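A.B. asks: There's a structure below that I have some questions on.
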Amino acid sequence: MSAFPHVNWSYPTSVRFGVGRIKELPEAVKAAGMSNPLLVTDPGLAGLPMVADAIADLKAAGLNAAVFSEVKPNPIDKNIEAGVEAYKAGHHDGVIAFGGGSGLDAGKLIAFMSGQSRPIWDFEDIGDWWTRADENGIAPIIAVPTTAGTGSEVGRAGVVTNSETHTKKVIFHPKMLPVTVICDPELTAGMPRMITIGTGMDALAHCLEAFSSPFYHPMSEGIAVEGIRLVLENLPKVAADGNDLVARGHLMSAAAMGAVAFQKGLGAIHSLSHPVGALYDTHHGMTNAVFMPYVLQFNKPAIEEKFNRLAGFLGIEGGYQGILETILKLRADLDVPHTLAGLFVDGEKRELIADMAVVDPTAGGNPVELTKEGALMIFDKALSGEV
């Protein structure tokens with residue numbers, strides 16, 4: 001690097017972090033200027049006590065509130081359209097995005113689209129397309145994560161699948177950033193073990209890819225390093241004991257850190273995971289976990305020196321190879337499938353997946369240029385299990 005580039009940095013929002021802080025939801029809603037929020041979540045959470053308790057607390061504080069839960073695990077455009085209809089029908093004045101990645105992304109996108117006149121695809125994260133939006137038509141958002149993975153609670157974008165083309169699209173706008181986030185580790189305690197593992201591996205993928213990205217953003221890079229450490233140290237603890245709230249708190253931190261870090265970029269783990277998730281409806285974090293070692297090996301020529309430094313910080317012997325072996329062992333210990341077959345993904349759509357991967361917005365952050373040939377090579381290794 002002969003001279004420092006001109007870059008734009010943006011960091012996240014107000015976060016209320018700690019066990020029991022969900023009780024502060026009514027206060028946060030009022031501070032955001034809402035009196036009648038729409039709580040957006042997924043069908044699984046909608047029937048759980050945590051949502052009923054949140055609605056009861058809001059109503060006890062004199063706030064009207066309703067629940068919208070028509071959200072798929074990989075949200076589709078029709079979910080967002082239905083949510084906007086519910087938002088307008090209920091005369092709501094803001095959104096509480098409540099849940100894992102699907103509930104958070106859907107809630108943010110419903111708030112974003114509630115006052116737009118153009119189709120959602122006009123705001124894809126390409127160039128300055130976000131400037132097409134009517135900023136006055138974006139409703140305020142409170143985010144309440146119930147998983148520790150995507151970090152969408154501190155992000156300015158949402159991922160949604162086009163139900164006609166079966167492609168995942170990233171919709172971006174700076175005002176999609178929630179005004180307040182409530183991170184209560186206790187809300188994650190009821191997560192099933194495999195969802196805990198999948199979301200934790202998603203956070204690890206965000207941090208690893210941000211660290212690997214060639215773009216200049218030393219603040220994000222530093223956050224990525226600590227996020228990697230927190231996942232490696234705490235995910236096994238939570239997998240063993242789902243009620244370990246200290247470890248769950250560290251994972252919740254790592255999830256938010258991953259989303260902050262990937263302002264620096266993502267890469268081929270996500271580029272391949274997005275089309276596989278869209279075509280096979282696989283769990284995003286678990287799909288990232290499967291692709292992880294194969295992508296690291298593909299990127300080795302560009303990241304080996306950096307990973308040697310990272311290994312020193314993490315206290316892992318063997319530099320890059322030591323980190324790779326640590327990740328392979330972590331996957332095995334946590335029952336992550338070693339190949340795509342474990343996700344019921346075959347090679348039938350490999351050409352289409354490779355075509356989709358190279359044009360995915362995350363591909364540009366990969367430290368080794370992702371060509372179709374490279375995408376096919378990674379995919380084939382993830383099918384065969386050859387690291």
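By order of appearance in the structure tokens: chains A, B, ..., then residues from 1 within every chain, and ligands from 1 in the order shown.
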Could you list, as JSON, numbers by chain, every residue within 10 Å of A:Leu296, counting only C-alpha atoms and ignoring same-chain residues fewer than 3 positions away?

C.D. replies: {"A": [208, 209, 212, 268, 269, 291, 292, 293, 299, 300, 301, 302, 303, 304, 320, 323, 324, 378, 387]}

A.B. asks: Might you pull out every residue within 12 Å of stretch 339-347 of chain A, with only C-alpha atoms counted and same-chain residues fewer than 5 positions away left off, and present them as a ChimeraX atom specification?

C.D. replies: /A:198,272-273,275-294,328,331-332,352-354,376-387

A.B. asks: Taking only C-alpha atoms into account, which of A:Lys88, A:Lys72, A:Lys237, A:Arg118 comes nearest A:Gly103?

C.D. replies: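 Answer, going by the shortest atom-to-atom distance: A:Lys72.
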
A.B. asks: Nearest to A:Lys372 among A:Ser271, A:Val84, A:Glu153, A:Glu305, with distances taken over only C-alpha atoms: which residue is it?

C.D. replies: A:Ser271

A.B. asks: Would you please work out which residue, of A:Val260, A:Val231, A:Ile142, A:Ile327, is nearest to A:Thr180 when using only C-alpha atoms?

C.D. replies: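 Comparing A:Val260, A:Val231, A:Ile142, A:Ile327 against A:Thr180, the winner is A:Ile142.
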
A.B. asks: Which neighbours of stretch 113-115 of chain A fall inside 6 Å, counting only C-alpha atoms, when residues of the same chain fewer than 3 positions from it are skipped, and could you give them as a ChimeraX atom specification?

C.D. replies: /A:84,109-110,137-138

A.B. asks: Nearest residue to A:Ile195 out of A:Val170, A:Val336, A:Ala97, A:Val67, using only C-alpha atoms?

C.D. replies: A:Val336

A.B. asks: Please measure the separation of atom CA of A:Gly249 and atom CA of A:Ala148, giving the value in Å to one decimal.

C.D. replies: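 These atoms are spaced 8.6 Å apart.
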
A.B. asks: In stretch 140-301 of chain A, what's strand (DSSP E) per DSSP? Answer as a count of residues only?

C.D. replies: 21
